[in-house]
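Notes to accompany the following structure.
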Amino acid sequence: MDDALFVKAAETTGRDCARLEVEIHAKNGELARNKAAAAALSGLRRAWSDTYAGKYGAHWFFVREYKIHNYASGRRHIDYAKFWVAAIADEPAKARDLAAQGKIALGEIADAKSVPCPSCEHPAPVVGRYEQTEDSWDGDTWETEIAALCLHCARLVNLGDDHKAVFCT
Ligand SMILES: [Zn+2]
């Protein structure tokens with residue numbers, strides 16, 4: 001009796017481990033996607049007031065237009081026109097003040113370039129992130145990401161990256 005129980009336990013436990021690993025892998029993926037969307041959604045509300053864009057954390061913005069340049073050297077550069085939306089800003093009045101002084105650009109979510117969400121096909125506004133990813137004596141590394149942010153499934157879909165190193169020496 002115990003022998004049969006032993007064999008059964010060995011089989012089911014192995015199977016359970018494999019199933020749990022698959023489930024955990026899927027959940028980790030879901031968590032990472034949610035964290036990315038949450039970071040974009042909160043960043044878009046407050047990054048209009050960043051004093052040093054991208055130096056101390058991700059600088060998020062809405063993108064009116066963008067163009068990705070791919071050079072023969074393999075180097076890539078992204079040009080973009082950024083803006084924020086006062087109605088969803090953490091401090092709308094202050095954002096409007098800065099815009100009146102010509103310091104930041106404001107618009108409506110509908111002004112952002114849009115692309116169809118790959119999951120639900122609703123038009124998703126294009127957003128961007130600019131951030132210092134490394135700060136060292138050898139040189140700083142900055143990163144630009146252009147992504148679509150679907151507000152229906154709260155999902156961020158990458159549309160292009162530009163990794164650039166700015167050397168201090
Ligand atoms: Zn969607």
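Each chain in the structure tokens gets a letter, A, B, ..., in the order shown, and its residues are numbered from 1; ligands are numbered from 1 in order too.
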
query: Gly54 in chain A: which residues within 9 Å, counting only C-alpha atoms, same-chain residues fewer than 6 positions away excluded, as number ranges by chain?
result: A: 60, 129-133, 142-143

- request: Return as a list of chain:residue names the residues of protein, DNA or RNA that approach ligand 1 to within 7 Å, with only C-alpha atoms and all ligand atoms taken into account.
  value: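 Using only C-alpha atoms and all ligand atoms, I find these residues within 7 Å of ligand 1: A:Cys117, A:Pro118, A:Ser119, A:Cys120, A:Glu121, A:His122, A:Cys150, A:Leu151, A:His152, A:Cys153, A:Ala154, A:Arg155.
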
Would you put the residues from that selection into a file with C-alpha atoms, as a JSON list (two decimals), in the first residue's frame?
[["chain", "number", "residue", "atom", "x", "y", "z"],
["A", 117, "CYS", "CA", -3.67, 47.79, -29.99],
["A", 118, "PRO", "CA", -2.36, 44.35, -31.00],
["A", 119, "SER", "CA", -4.69, 42.71, -28.43],
["A", 120, "CYS", "CA", -8.04, 44.50, -28.67],
["A", 121, "GLU", "CA", -7.52, 46.61, -31.83],
["A", 122, "HIS", "CA", -8.79, 49.82, -30.17],
["A", 150, "CYS", "CA", -3.83, 50.78, -24.77],
["A", 151, "LEU", "CA", -6.27, 52.31, -22.28],
["A", 152, "HIS", "CA", -8.77, 49.47, -22.83],
["A", 153, "CYS", "CA", -6.48, 46.63, -21.78],
["A", 154, "ALA", "CA", -3.95, 48.84, -19.89],
["A", 155, "ARG", "CA", -1.12, 47.43, -21.93]]

task: Provide the CA of Val115 in chain A to CA of Lys27 in chain A distance in Å, to one decimal place.
output: 26.6 Å

- prompt: Quick one: DSSP strand (DSSP E or B) residues in range 13-155 of chain A, as a count of residues only?
  reply: 49

Test item: residues at most 7 Å from Pro125 in chain A, only C-alpha atoms, excluding those fewer than 6 positions along its chain, as a CSV table (one decimal) with N, CA and C atoms, in the first residue's frame:
chain,number,residue,atom,x,y,z
A,109,ILE,N,-5.5,63.8,-25.0
A,109,ILE,CA,-5.1,62.4,-25.3
A,109,ILE,C,-5.3,62.1,-26.8
A,112,ALA,N,-2.5,62.6,-29.4
A,112,ALA,CA,-1.4,61.7,-29.6
A,112,ALA,C,-1.5,60.9,-30.8
A,113,LYS,N,-0.4,60.6,-31.4
A,113,LYS,CA,-0.5,59.7,-32.6
A,113,LYS,C,-1.1,58.4,-32.0
A,114,SER,N,-1.8,57.6,-32.8
A,114,SER,CA,-2.4,56.4,-32.3
A,114,SER,C,-2.1,55.2,-33.3
A,115,VAL,N,-2.0,54.1,-32.7
A,115,VAL,CA,-1.9,52.9,-33.4
A,115,VAL,C,-2.9,51.8,-32.9
A,148,ALA,N,3.0,52.1,-27.5
A,148,ALA,CA,1.5,52.4,-27.6
A,148,ALA,C,1.0,52.0,-26.2
A,149,LEU,N,0.1,52.8,-25.6
A,149,LEU,CA,-0.5,52.5,-24.3
A,149,LEU,C,-2.0,52.3,-24.6
A,150,CYS,N,-2.4,51.1,-24.6
A,150,CYS,CA,-3.8,50.8,-24.8
A,150,CYS,C,-4.6,51.0,-23.5

message: Taking only range 59-98 of chain A into account, list the residues labelled alpha helix (DSSP H) by DSSP (computed from the backbone), as a PyMOL selection string.
response: chain A and resi 92-98

Long-range neighbours of Arg76 in chain A as a PDB file with C-alpha atoms, in the first residue's frame, 8 Å cut-off, only C-alpha atoms, 5 positions minimum in chain:
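The resulting file, selection21.pdb, is reproduced below:
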ATOM      1  CA  ILE A  68      12.688  56.468 -36.113  1.00  0.00           C
ATOM      2  CA  HIS A  69      15.940  57.009 -38.032  1.00  0.00           C
ATOM      3  CA  ASN A  70      18.005  53.881 -38.683  1.00  0.00           C
ATOM      4  CA  TYR A  71      21.541  54.671 -39.794  1.00  0.00           C
ATOM      5  CA  ASP A 162      16.975  54.091 -29.017  1.00  0.00           C
ATOM      6  CA  HIS A 163      19.824  53.262 -26.685  1.00  0.00           C
TER       7      HIS A 163
END

message: Measuring between only C-alpha atoms, which one of A:Asp2, A:Asp16, A:Glu145, A:Glu91 shows the shortest distance to Tyr66 in chain A?
response: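 Among the listed residues, the smallest separation from Tyr66 in chain A belongs to A:Glu145.
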
For CA of Met1 in chain A and CA of Thr13 in chain A, the interatomic separation in Å (one decimal): 18.1 Å
